[in-house]
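Text of run14.txt (compact mmCIF, C-alpha atoms and all ligand atoms) as supplied:
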# COMPACT_ATOMS: atom_id res chain seq x y z
CA MET A 1 -23.23 3.55 8.51
CA GLU A 2 -22.80 7.04 7.17
CA PRO A 3 -21.75 7.06 3.49
CA THR A 4 -19.38 9.82 2.46
CA GLY A 5 -18.48 10.99 -1.04
CA SER A 6 -15.28 12.59 -2.29
CA GLU A 7 -15.67 15.43 0.22
CA GLY A 8 -15.78 12.86 3.04
CA THR A 9 -12.75 11.09 1.56
CA ARG A 10 -10.71 14.29 1.68
CA GLU A 11 -11.88 15.02 5.23
CA LEU A 12 -10.89 11.56 6.41
CA PHE A 13 -7.47 11.91 4.75
CA GLU A 14 -6.97 15.10 6.77
CA ASP A 15 -8.39 13.54 9.98
CA TYR A 16 -5.73 10.82 9.66
CA GLY A 17 -3.07 13.52 9.41
CA GLY A 18 -2.63 13.13 5.64
CA THR A 19 -0.55 15.71 3.78
CA VAL A 20 0.38 16.19 0.13
CA ALA A 21 3.89 17.37 -0.80
CA ASP A 22 4.49 18.16 -4.49
CA GLY A 23 1.56 15.95 -5.48
CA PHE A 24 2.70 13.00 -3.35
CA PRO A 25 0.32 12.17 -0.48
CA SER A 26 1.38 10.54 2.79
CA ILE A 27 -0.12 9.62 6.14
CA HIS A 28 2.57 9.39 8.78
CA SER A 29 2.51 7.43 12.02
CA PRO A 30 4.17 8.73 15.20
CA VAL A 31 6.66 6.56 17.11
CA ARG A 32 6.15 5.94 20.85
CA HIS A 33 8.37 4.36 23.48
CA THR A 34 7.80 2.24 26.54
CA ALA A 35 9.39 3.40 29.82
CA SER A 36 12.30 1.04 29.00
CA GLY A 37 12.75 2.68 25.61
CA THR A 38 11.23 0.03 23.29
CA ALA A 39 9.86 1.73 20.16
CA TYR A 40 6.35 1.02 18.89
CA LEU A 41 3.69 2.47 16.57
CA ARG A 42 -0.09 2.38 16.68
CA SER A 43 -1.13 2.84 13.08
CA PRO A 44 0.17 2.23 9.56
CA GLY A 45 2.31 4.90 7.91
CA VAL A 46 1.70 5.20 4.16
CA VAL A 47 3.99 7.27 1.93
CA LEU A 48 3.52 7.52 -1.84
CA LEU A 49 6.98 7.22 -3.41
CA ALA A 50 6.21 6.95 -7.11
CA LYS A 51 3.33 7.45 -9.54
CA PRO A 52 2.96 7.61 -13.34
CA GLN A 53 4.04 10.66 -15.32
CA THR A 54 2.33 10.73 -18.72
CA ASN A 55 2.85 12.98 -21.72
CA VAL A 56 0.69 12.29 -24.78
CA ALA A 57 2.46 14.94 -26.93
CA GLY A 58 4.68 12.22 -28.39
CA LEU A 59 1.62 10.64 -30.05
CA ALA A 60 1.62 13.45 -32.66
CA GLY A 61 3.67 11.53 -35.23
CA PHE A 62 1.38 8.50 -34.84
CA LEU A 63 -1.91 10.45 -35.02
CA GLU A 64 -0.82 12.53 -38.01
CA GLY A 65 -0.27 9.33 -40.00
CA PHE A 66 -4.03 8.70 -40.38
CA ASP A 67 -6.40 10.25 -42.92
CA ALA A 68 -6.80 13.99 -42.19
CA SER A 69 -10.62 13.66 -42.25
CA LEU A 70 -10.42 11.65 -39.01
CA ARG A 71 -8.92 14.70 -37.26
CA PHE A 72 -6.95 12.48 -34.87
CA PRO A 73 -4.30 15.14 -33.94
CA GLY A 74 -7.14 17.01 -32.15
CA TYR A 75 -6.67 14.37 -29.42
CA LEU A 76 -3.64 16.35 -28.26
CA ASP A 77 -5.62 19.59 -27.78
CA ASP A 78 -7.72 18.39 -24.84
CA PRO A 79 -7.79 21.36 -22.43
CA THR A 80 -8.49 19.28 -19.29
CA PRO A 81 -5.34 17.99 -17.58
CA LEU A 82 -5.60 14.59 -15.88
CA PRO A 83 -3.39 12.93 -13.25
CA GLY A 84 -0.66 10.97 -15.05
CA SER A 85 -2.21 7.65 -13.97
CA SER A 86 -5.68 8.48 -15.35
CA GLN A 87 -4.23 9.87 -18.56
CA LEU A 88 -2.12 6.76 -19.10
CA ALA A 89 -4.99 4.32 -18.53
CA LYS A 90 -7.40 6.43 -20.61
CA THR A 91 -4.99 6.68 -23.54
CA ALA A 92 -4.34 2.93 -23.32
CA GLY A 93 -8.08 2.31 -23.51
CA GLN A 94 -8.55 4.73 -26.38
CA VAL A 95 -5.82 3.07 -28.42
CA CYS A 96 -7.95 -0.11 -28.33
CA TYR A 97 -10.75 1.49 -30.39
CA ALA A 98 -8.67 4.20 -32.09
CA SER A 99 -10.86 6.69 -30.19
CA PHE A 100 -8.90 9.82 -31.12
CA GLY A 101 -11.46 11.64 -33.25
CA ALA A 102 -14.10 14.22 -32.40
CA ARG A 103 -16.52 11.64 -30.92
CA ARG A 104 -14.03 10.35 -28.35
CA THR A 105 -14.59 10.80 -24.60
CA THR A 106 -12.72 13.95 -23.65
CA ASN A 107 -10.73 14.28 -20.43
CA GLU A 108 -13.55 16.28 -18.87
CA ASN A 109 -15.58 13.05 -18.85
CA ALA A 110 -12.75 10.75 -17.76
CA ALA A 111 -14.58 9.69 -14.57
CA LYS A 112 -17.55 8.41 -16.61
CA TYR A 113 -15.15 6.70 -19.03
CA PHE A 114 -13.58 4.71 -16.18
CA GLU A 115 -16.96 4.00 -14.59
CA ARG A 116 -18.03 2.35 -17.87
CA LEU A 117 -14.87 0.21 -17.85
CA THR A 118 -14.98 -0.80 -14.19
CA SER A 119 -18.72 -1.52 -14.20
CA ALA A 120 -18.20 -3.84 -17.18
CA GLY A 121 -15.17 -5.52 -15.56
CA HIS A 122 -12.83 -4.32 -18.32
CA GLY A 123 -10.04 -3.46 -15.90
CA SER A 124 -7.02 -4.44 -17.97
CA VAL A 125 -6.20 -0.83 -18.96
CA LEU A 126 -5.82 -0.06 -15.24
CA GLU A 127 -2.77 -2.33 -15.20
CA HIS A 128 -0.67 0.32 -16.98
CA ALA A 129 -0.66 2.70 -14.01
CA SER A 130 1.37 1.67 -10.96
CA PHE A 131 1.94 3.35 -7.61
CA SER A 132 4.75 2.62 -5.14
CA PHE A 133 4.48 3.17 -1.39
CA LEU A 134 6.63 2.95 1.68
CA LEU A 135 4.48 1.16 4.27
CA TYR A 136 5.57 1.19 7.91
CA GLY A 137 3.94 0.84 11.31
CA ILE A 138 2.63 -2.51 10.03
CA SER A 139 3.10 -5.77 11.87
CA ARG A 140 4.52 -9.00 10.54
CA SER A 141 1.02 -10.53 10.77
CA VAL A 142 -0.44 -7.83 8.50
CA THR A 143 2.35 -8.05 5.96
CA HIS A 144 1.91 -11.83 5.86
CA GLU A 145 -1.66 -11.17 4.70
CA LEU A 146 -0.69 -8.38 2.29
CA VAL A 147 1.93 -10.45 0.46
CA ARG A 148 -0.70 -13.09 -0.35
CA HIS A 149 -1.75 -10.69 -3.12
CA ARG A 150 0.49 -11.84 -5.96
CA ALA A 151 -1.02 -10.47 -9.15
CA GLY A 152 0.33 -7.08 -10.29
CA VAL A 153 2.39 -6.24 -7.19
CA GLY A 154 6.04 -5.92 -6.12
CA VAL A 155 7.37 -6.18 -2.56
CA SER A 156 10.69 -5.28 -0.92
CA GLN A 157 10.48 -5.96 2.80
CA ILE A 158 12.89 -5.46 5.69
CA SER A 159 15.09 -8.51 6.19
CA GLN A 160 15.26 -9.72 9.77
CA ARG A 161 18.43 -11.60 8.74
CA TYR A 162 20.29 -8.44 7.73
CA VAL A 163 19.17 -5.82 10.23
CA SER A 164 20.17 -5.68 13.87
CA GLY A 165 18.11 -5.20 17.02
CA ALA A 166 18.82 -1.44 16.79
CA VAL A 167 15.91 -1.05 14.33
CA LEU A 168 13.47 -3.32 16.16
CA ARG A 169 10.04 -1.70 16.57
CA PHE A 170 6.62 -3.11 17.36
CA VAL A 171 3.00 -2.41 16.43
CA GLU A 172 0.23 -2.06 19.00
CA ARG A 173 -3.21 -3.26 17.92
CA PRO A 174 -6.14 -0.81 18.31
CA GLU A 175 -7.80 -3.19 20.81
CA TYR A 176 -4.83 -2.78 23.18
CA VAL A 177 -4.82 1.01 22.92
CA GLU A 178 -8.33 1.24 24.30
CA ASP A 179 -7.79 -0.97 27.36
CA ALA A 180 -5.28 -0.01 30.06
CA GLU A 181 -4.53 -3.61 31.06
CA LEU A 182 -4.12 -4.84 27.47
CA HIS A 183 -1.86 -1.84 26.80
CA ARG A 184 0.26 -2.59 29.91
CA LEU A 185 0.60 -6.23 28.83
CA PHE A 186 1.59 -5.12 25.31
CA GLU A 187 4.36 -2.87 26.65
CA GLU A 188 5.56 -5.62 28.99
CA ARG A 189 5.58 -8.12 26.11
CA VAL A 190 7.50 -5.93 23.64
CA ASP A 191 10.02 -4.90 26.32
CA GLY A 192 10.52 -8.63 26.95
CA ALA A 193 10.84 -9.40 23.24
CA ALA A 194 13.39 -6.61 22.70
CA ALA A 195 15.44 -7.67 25.74
CA GLY A 196 15.17 -11.36 24.83
CA TYR A 197 16.34 -10.62 21.27
CA GLU A 198 19.33 -8.64 22.53
CA SER A 199 20.50 -11.27 24.99
CA LEU A 200 19.95 -14.14 22.54
CA ALA A 201 21.80 -12.28 19.77
CA GLY A 202 24.64 -11.46 22.19
CA ARG A 203 25.06 -15.09 23.22
CA LEU A 204 24.85 -16.35 19.62
CA LEU A 205 27.47 -13.80 18.54
CA GLU A 206 29.83 -14.94 21.26
CA LEU A 207 29.45 -18.51 20.05
CA GLN A 208 30.01 -17.46 16.41
CA GLU A 209 33.17 -15.55 17.27
CA GLY A 210 34.47 -18.38 19.43
CA GLY A 211 35.92 -15.82 21.85
CA SER A 212 38.23 -14.33 19.18
CA GLY A 213 38.40 -10.56 18.90
CA LYS A 214 40.42 -10.67 15.63
CA LEU A 215 37.81 -11.61 13.04
CA SER A 216 37.73 -10.17 9.48
CA ALA A 217 34.96 -7.70 8.53
CA ASP A 218 33.50 -10.28 6.10
CA TYR A 219 33.42 -12.92 8.76
CA LYS A 220 31.75 -10.52 11.20
CA THR A 221 29.02 -9.66 8.65
CA ASP A 222 28.43 -13.33 7.99
CA ALA A 223 28.40 -14.07 11.72
CA ARG A 224 25.84 -11.32 12.39
CA LYS A 225 23.62 -12.68 9.60
CA LYS A 226 23.75 -16.15 11.17
CA VAL A 227 23.01 -14.64 14.58
CA GLN A 228 20.09 -12.53 13.36
CA GLN A 229 18.49 -15.31 11.34
CA THR A 230 18.40 -17.40 14.53
CA ALA A 231 17.52 -14.65 17.01
CA ARG A 232 14.56 -13.46 14.91
CA SER A 233 12.73 -16.70 15.69
CA LEU A 234 11.65 -15.32 19.07
CA LEU A 235 10.12 -12.14 17.61
CA PRO A 236 6.33 -11.93 17.86
CA ASN A 237 3.81 -11.27 15.07
CA GLU A 238 3.52 -7.71 16.42
CA THR A 239 7.06 -6.88 15.25
CA GLU A 240 7.06 -4.05 12.71
CA ALA A 241 7.91 -5.19 9.16
CA PRO A 242 8.15 -2.18 6.82
CA MET A 243 8.22 -2.58 3.05
CA VAL A 244 8.09 -0.82 -0.28
CA PHE A 245 4.92 -2.01 -1.97
CA THR A 246 4.14 -1.40 -5.64
CA GLY A 247 0.86 -2.27 -7.29
CA ASN A 248 -0.87 -1.51 -10.54
CA VAL A 249 -4.29 0.13 -10.22
CA ARG A 250 -6.21 -3.04 -11.06
CA ALA A 251 -4.37 -4.93 -8.29
CA LEU A 252 -4.62 -2.03 -5.84
CA ARG A 253 -8.37 -1.77 -6.40
CA HIS A 254 -8.78 -5.49 -5.68
CA ILE A 255 -6.66 -5.24 -2.52
CA ILE A 256 -8.66 -2.25 -1.25
CA GLU A 257 -11.95 -4.01 -1.98
CA MET A 258 -10.89 -7.14 -0.07
CA ARG A 259 -8.92 -5.57 2.74
CA ALA A 260 -10.84 -2.33 3.44
CA ASP A 261 -14.04 -4.39 3.56
CA ALA A 262 -16.05 -4.21 6.80
CA HIS A 263 -15.34 -7.91 7.41
CA ALA A 264 -11.56 -7.66 6.93
CA GLU A 265 -9.21 -7.99 9.90
CA SER A 266 -9.01 -4.60 11.68
CA GLU A 267 -5.25 -3.93 11.33
CA ILE A 268 -5.12 -4.64 7.58
CA ARG A 269 -8.35 -2.64 7.14
CA ASN A 270 -6.60 0.31 8.80
CA LEU A 271 -3.81 -0.05 6.25
CA ALA A 272 -6.11 -0.53 3.24
CA VAL A 273 -8.21 2.53 4.14
CA ARG A 274 -5.04 4.66 4.35
CA LEU A 275 -3.78 3.25 1.05
CA PHE A 276 -7.10 4.20 -0.53
CA LEU A 277 -7.00 7.72 0.97
CA CYS A 278 -3.50 8.35 -0.44
CA LEU A 279 -4.44 6.89 -3.83
CA SER A 280 -7.61 8.95 -3.97
CA ALA A 281 -5.62 12.11 -3.13
CA ALA A 282 -3.14 11.26 -5.94
CA ASP A 283 -5.80 10.30 -8.50
CA PRO A 284 -9.42 11.02 -7.54
CA ILE A 285 -10.62 9.78 -10.96
CA LEU A 286 -9.36 6.18 -10.99
CA PHE A 287 -10.77 5.69 -7.48
CA GLY A 288 -13.77 8.00 -7.94
CA ASP A 289 -16.36 5.22 -7.61
CA TYR A 290 -15.19 4.41 -4.07
CA ARG A 291 -16.96 5.62 -0.94
CA VAL A 292 -15.71 5.63 2.64
CA GLU A 293 -18.25 4.67 5.28
CA GLU A 294 -18.01 4.95 9.03
CA LEU A 295 -18.70 1.74 10.94
CA PRO A 296 -20.52 1.69 14.31
CA ASP A 297 -17.17 1.36 16.16
CA GLY A 298 -15.87 4.60 14.56
CA THR A 299 -13.48 2.85 12.15
CA HIS A 300 -13.91 3.04 8.39
CA THR A 301 -14.53 0.86 5.38
CA VAL A 302 -14.34 1.50 1.63
CA THR A 303 -16.97 0.28 -0.81
CA THR A 304 -17.72 0.38 -4.53
CA GLU A 305 -20.47 -0.94 -6.77
CA HIS A 306 -17.83 -2.01 -9.28
CA ARG A 307 -15.83 -4.69 -7.51
CA LYS A 308 -13.04 -6.62 -9.20
CA ALA A 309 -12.60 -4.63 -12.38
C1 LIG B 1 -11.17 -12.03 5.04
C2 LIG B 1 -10.08 -12.93 4.49
C3 LIG B 1 -9.80 -14.14 5.08
C4 LIG B 1 -8.80 -14.98 4.59
N1 LIG B 1 -8.52 -16.17 5.20
C5 LIG B 1 -7.55 -16.99 4.73
C6 LIG B 1 -7.22 -18.24 5.37
O1 LIG B 1 -7.83 -18.61 6.34
N2 LIG B 1 -6.20 -18.98 4.87
C7 LIG B 1 -5.51 -18.59 3.74
O2 LIG B 1 -4.60 -19.31 3.30
N3 LIG B 1 -5.78 -17.42 3.13
C8 LIG B 1 -6.77 -16.62 3.58
N4 LIG B 1 -7.02 -15.41 2.96
C9 LIG B 1 -6.19 -15.03 1.81
C10 LIG B 1 -6.94 -15.27 0.47
O3 LIG B 1 -7.30 -16.62 0.32
C11 LIG B 1 -6.05 -14.83 -0.71
O4 LIG B 1 -4.90 -15.63 -0.77
C12 LIG B 1 -5.61 -13.40 -0.62
O5 LIG B 1 -6.67 -12.56 -0.23
C13 LIG B 1 -5.06 -12.95 -1.99
O6 LIG B 1 -6.16 -12.65 -2.85
P1 LIG B 1 -6.31 -13.25 -4.31
O7 LIG B 1 -6.36 -14.74 -4.28
O8 LIG B 1 -7.49 -12.56 -4.92
O9 LIG B 1 -4.93 -12.93 -5.01
P2 LIG B 1 -4.34 -11.70 -5.85
O10 LIG B 1 -2.91 -12.02 -6.03
O11 LIG B 1 -4.70 -10.41 -5.22
O12 LIG B 1 -4.99 -11.88 -7.26
C14 LIG B 1 -5.99 -11.05 -7.83
C15 LIG B 1 -6.84 -11.93 -8.71
O13 LIG B 1 -6.06 -12.43 -9.80
C16 LIG B 1 -6.47 -13.76 -10.11
N5 LIG B 1 -5.34 -14.67 -9.84
C17 LIG B 1 -4.24 -14.44 -9.07
N6 LIG B 1 -3.42 -15.48 -9.06
C18 LIG B 1 -4.00 -16.42 -9.82
C19 LIG B 1 -3.64 -17.74 -10.16
N7 LIG B 1 -2.51 -18.30 -9.75
N8 LIG B 1 -4.48 -18.42 -10.94
C20 LIG B 1 -5.63 -17.89 -11.40
N9 LIG B 1 -6.04 -16.63 -11.10
C21 LIG B 1 -5.23 -15.91 -10.32
C22 LIG B 1 -7.65 -14.08 -9.21
O14 LIG B 1 -8.84 -13.73 -9.87
C23 LIG B 1 -7.41 -13.17 -8.03
O15 LIG B 1 -8.57 -12.86 -7.28
C24 LIG B 1 -8.04 -14.58 3.44
C25 LIG B 1 -8.34 -13.34 2.83
C26 LIG B 1 -9.33 -12.52 3.34
C27 LIG B 1 -9.62 -11.19 2.66

If you took the structure in this file and wrote it as structure tokens, what would it be?
Amino acid sequence: MEPTGSEGTRELFEDYGGTVADGFPSIHSPVRHTASGTAYLRSPGVVLLAKPQTNVAGLAGFLEGFDASLRFPGYLDDPTPLPGSSQLAKTAGQVCYASFGARRTTNENAAKYFERLTSAGHGSVLEHASFSFLLYGISRSVTHELVRHRAGVGVSQISQRYVSGAVLRFVERPEYVEDAELHRLFEERVDGAAAGYESLAGRLLELQEGGSGKLSADYKTDARKKVQQTARSLLPNETEAPMVFTGNVRALRHIIEMRADAHAESEIRNLAVRLFLCLSAADPILFGDYRVEELPDGTHTVTTEHRKA
């Protein structure tokens, strides 16, 4: 394994096609089609949608209320700007010990400040900073694993009851990409699933409508929902299941540690490594203790000495 530091993290982000627009990183995933036109993707797409914005200037009235000898208002004169997420978690931690005076840890040393917290397992201040992502190019089997993480997360996932076959896409596992026969079988299978879904949905809709062409819009919506909730039962685990996923930094760190681990299942590891790369691009300080390592098969893992803060 070849360990890589923050330089290696940035390089890998770029190797995966990562870009940063207005401070918001993303790693996109191209869409492919079988000869019959069935859409599929080969890797997770990760798009940062929201991150903390922090302004400590409002603390002035609070800090000025203490004895002048403590020189607390000096807290607001720190010349080193931090990402909003780091600033929020650091200020939250410094409120705990009223660390606003001259002996406080300044922003310049924020990385060391967080290393002290994470190495001691005092991760609760990390819960203040949350990040929201659009995740796509991920299969139903991966999202089933991801949603097992309950603490500190929020999930809004595509509903197979409410969307039609027009947005059906599938996810090809890396193992199939590398083998021509496995790839051919994958394409055959997803073509079959897409066609099977369409014909089943068509037949179910006919039954719902009872042959009548004069149904109200409400009835049609309800009928389609009933059709889709039944037709989805034939869809395989490799059906794409996009979601918006929000997590606070303590939860996100735990998820990365478990799911970007060398022993994690390969598809969720792909996702967790990309999540880490986008988070590290957005806030290199809160994830500064993490290292990416290349595994013998050319894929990557993420490690830290300070697990489960
Ligand atoms: C390699 C691997 C294999 C797995 N295999 C299986 C399997 O075969 N079958 C299966 O069912 N699952 C399996 N899982 C899922 C696993 O058991 C967890 O459900 C999942 O990883 C969520 O992690 P978590 O429990 O840490 O929960 P999170 O929601 O991520 O919680 C974070 C932490 O908060 C604390 N916490 C959360 N909820 C509670 C609670 N209710 N009470 C007390 N403390 C809490 C715990 O300390 C927990 O670790 C596997 C996971 C991995 C990584």

Around (-13.4, 8.7, -25.3), as given in the file, which residues come within 10 Å? Count all atoms listed in the file and list them as a short mmCIF file (atom, residue, chain, number, x, y, z; two decimals) with C-alpha atoms, in the frame of the given file.
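Below is the file part39.cif, written as the result:
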data_model
loop_
_atom_site.label_atom_id
_atom_site.label_comp_id
_atom_site.auth_asym_id
_atom_site.auth_seq_id
_atom_site.Cartn_x
_atom_site.Cartn_y
_atom_site.Cartn_z
CA TYR A 75 -6.67 14.37 -29.42
CA LYS A 90 -7.40 6.43 -20.61
CA THR A 91 -4.99 6.68 -23.54
CA GLY A 93 -8.08 2.31 -23.51
CA GLN A 94 -8.55 4.73 -26.38
CA VAL A 95 -5.82 3.07 -28.42
CA TYR A 97 -10.75 1.49 -30.39
CA ALA A 98 -8.67 4.20 -32.09
CA SER A 99 -10.86 6.69 -30.19
CA PHE A 100 -8.90 9.82 -31.12
CA GLY A 101 -11.46 11.64 -33.25
CA ALA A 102 -14.10 14.22 -32.40
CA ARG A 103 -16.52 11.64 -30.92
CA ARG A 104 -14.03 10.35 -28.35
CA THR A 105 -14.59 10.80 -24.60
CA THR A 106 -12.72 13.95 -23.65
CA ASN A 107 -10.73 14.28 -20.43
CA GLU A 108 -13.55 16.28 -18.87
CA ASN A 109 -15.58 13.05 -18.85
CA ALA A 110 -12.75 10.75 -17.76
CA LYS A 112 -17.55 8.41 -16.61
CA TYR A 113 -15.15 6.70 -19.03
CA PHE A 114 -13.58 4.71 -16.18
#

### Task
Name the residues in contact with region 5-19 of chain A at a cut-off of 6 Å, using only C-alpha atoms, excluding same-chain residues fewer than 6 positions from it; report them as an NGL selection string.
:A and (25-27 or 277 or 291)

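Across A:Arg169, A:His149, A:Lys308, A:Arg71, the tightest approach to Gly37 (chain A) is made by A:Arg169 when counting all atoms listed in the file.
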
Each chain A residue no farther than 9 Å from ligand LIG 1 (chain B), nearest pair in Å, all atoms listed in the file, as JSON lines:
{"residue": "A:Glu145", "atom": "CA", "partner": "B:LIG1", "partner_atom": "C9", "distance": 6.6}
{"residue": "A:Leu146", "atom": "CA", "partner": "B:LIG1", "partner_atom": "C12", "distance": 7.6}
{"residue": "A:Val147", "atom": "CA", "partner": "B:LIG1", "partner_atom": "C13", "distance": 7.8}
{"residue": "A:Arg148", "atom": "CA", "partner": "B:LIG1", "partner_atom": "C13", "distance": 4.7}
{"residue": "A:His149", "atom": "CA", "partner": "B:LIG1", "partner_atom": "O10", "distance": 3.4}
{"residue": "A:Arg150", "atom": "CA", "partner": "B:LIG1", "partner_atom": "O10", "distance": 3.4}
{"residue": "A:Ala151", "atom": "CA", "partner": "B:LIG1", "partner_atom": "O10", "distance": 4.0}
{"residue": "A:Gly152", "atom": "CA", "partner": "B:LIG1", "partner_atom": "O10", "distance": 7.3}
{"residue": "A:Val153", "atom": "CA", "partner": "B:LIG1", "partner_atom": "O10", "distance": 7.9}
{"residue": "A:Arg250", "atom": "CA", "partner": "B:LIG1", "partner_atom": "C14", "distance": 8.6}
{"residue": "A:Ala251", "atom": "CA", "partner": "B:LIG1", "partner_atom": "O11", "distance": 6.3}
{"residue": "A:Leu252", "atom": "CA", "partner": "B:LIG1", "partner_atom": "O11", "distance": 8.4}
{"residue": "A:His254", "atom": "CA", "partner": "B:LIG1", "partner_atom": "O11", "distance": 6.4}
{"residue": "A:Ile255", "atom": "CA", "partner": "B:LIG1", "partner_atom": "O11", "distance": 6.2}
{"residue": "A:Glu257", "atom": "CA", "partner": "B:LIG1", "partner_atom": "C27", "distance": 8.9}
{"residue": "A:Met258", "atom": "CA", "partner": "B:LIG1", "partner_atom": "C27", "distance": 5.0}
{"residue": "A:Arg259", "atom": "CA", "partner": "B:LIG1", "partner_atom": "C27", "distance": 5.7}
{"residue": "A:Ala260", "atom": "CA", "partner": "B:LIG1", "partner_atom": "C27", "distance": 9.0}
{"residue": "A:Asp261", "atom": "CA", "partner": "B:LIG1", "partner_atom": "C27", "distance": 8.2}
{"residue": "A:His263", "atom": "CA", "partner": "B:LIG1", "partner_atom": "C1", "distance": 6.3}
{"residue": "A:Ala264", "atom": "CA", "partner": "B:LIG1", "partner_atom": "C1", "distance": 4.8}
{"residue": "A:Glu265", "atom": "CA", "partner": "B:LIG1", "partner_atom": "C1", "distance": 6.6}
{"residue": "A:Lys308", "atom": "CA", "partner": "B:LIG1", "partner_atom": "O15", "distance": 7.9}

### Task
Find, counting all atoms listed in the file, the residue in A:Gly288, A:Gly298, A:Gly137, A:Pro44 that gets nearest to Glu115 (chain A).
A:Gly288

Neighbour list for region 58-63 of chain A as an mmCIF file with C-alpha atoms, in the coordinates of the input, cut-off 8 Å, all atoms listed in the file, skip fewer than 4 positions in-chain:
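File selection38.cif, as written:
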data_model
loop_
_atom_site.group_PDB
_atom_site.id
_atom_site.type_symbol
_atom_site.label_atom_id
_atom_site.label_comp_id
_atom_site.auth_asym_id
_atom_site.auth_seq_id
_atom_site.Cartn_x
_atom_site.Cartn_y
_atom_site.Cartn_z
ATOM 1 C CA PHE A 72 -6.950 12.480 -34.870
ATOM 2 C CA PRO A 73 -4.300 15.140 -33.940
ATOM 3 C CA LEU A 76 -3.640 16.350 -28.260
#

### Task
Rank A:Glu188, A:Glu209, A:Glu294, A:Glu181 by their smallest atom-to-atom distance to Thr34 (chain A), using only C-alpha atoms, and report the top residue only.
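Looking at the shortest contact to Thr34 (chain A), the residue is A:Glu188.
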
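Interatomic distance, CA of Arg173 (chain A) against CA of Cys278 (chain A): 21.7 Å.
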
### Message
Using all atoms listed in the file - which residues lie no farther than 12 Å from the point (-8.3, -1.4, -15.2) in the file's frame? Write them as JSON, numbers by chain.
### Response
{"A": [85, 86, 88, 89, 90, 92, 93, 113, 114, 115, 116, 117, 118, 119, 120, 121, 122, 123, 124, 125, 126, 127, 128, 129, 130, 152, 248, 249, 250, 251, 252, 253, 254, 286, 287, 306, 307, 308, 309]}

### Query
Please, what distance in Å, to one decimal, runs between CA of Pro81 (chain A) and CA of Gly23 (chain A)?
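A separation of 14.1 Å between them.
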
### Message
So that I can check the surroundings of region 232-234 of chain A, please list as a PyMOL selection string every protein, DNA and RNA residue that reaches within 12 Å of it, counting only C-alpha atoms and ignoring chain neighbours fewer than 5 positions away.
### Response
chain A and resi 140+159-165+168+189-190+192-201+204+224-227+239

### Query
Of the candidates A:Val56, A:Leu185, A:Ala281, A:Leu235, which shows the shortest atom-to-atom distance to Gln87 (chain A), using only C-alpha atoms?
A:Val56

### Query
What is the distance between CA of Ser156 (chain A) and CA of Thr38 (chain A), in Å to one decimal?
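Between these atoms lies a distance of 24.8 Å.
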
### Message
Applying 10 Å and all atoms listed in the file, which residues near Ile158 (chain A) remain after dropping the ones on its own chain fewer than 5 positions away? List them as a VMD selection string.
### Response
chain A and resid 163 240 to 244
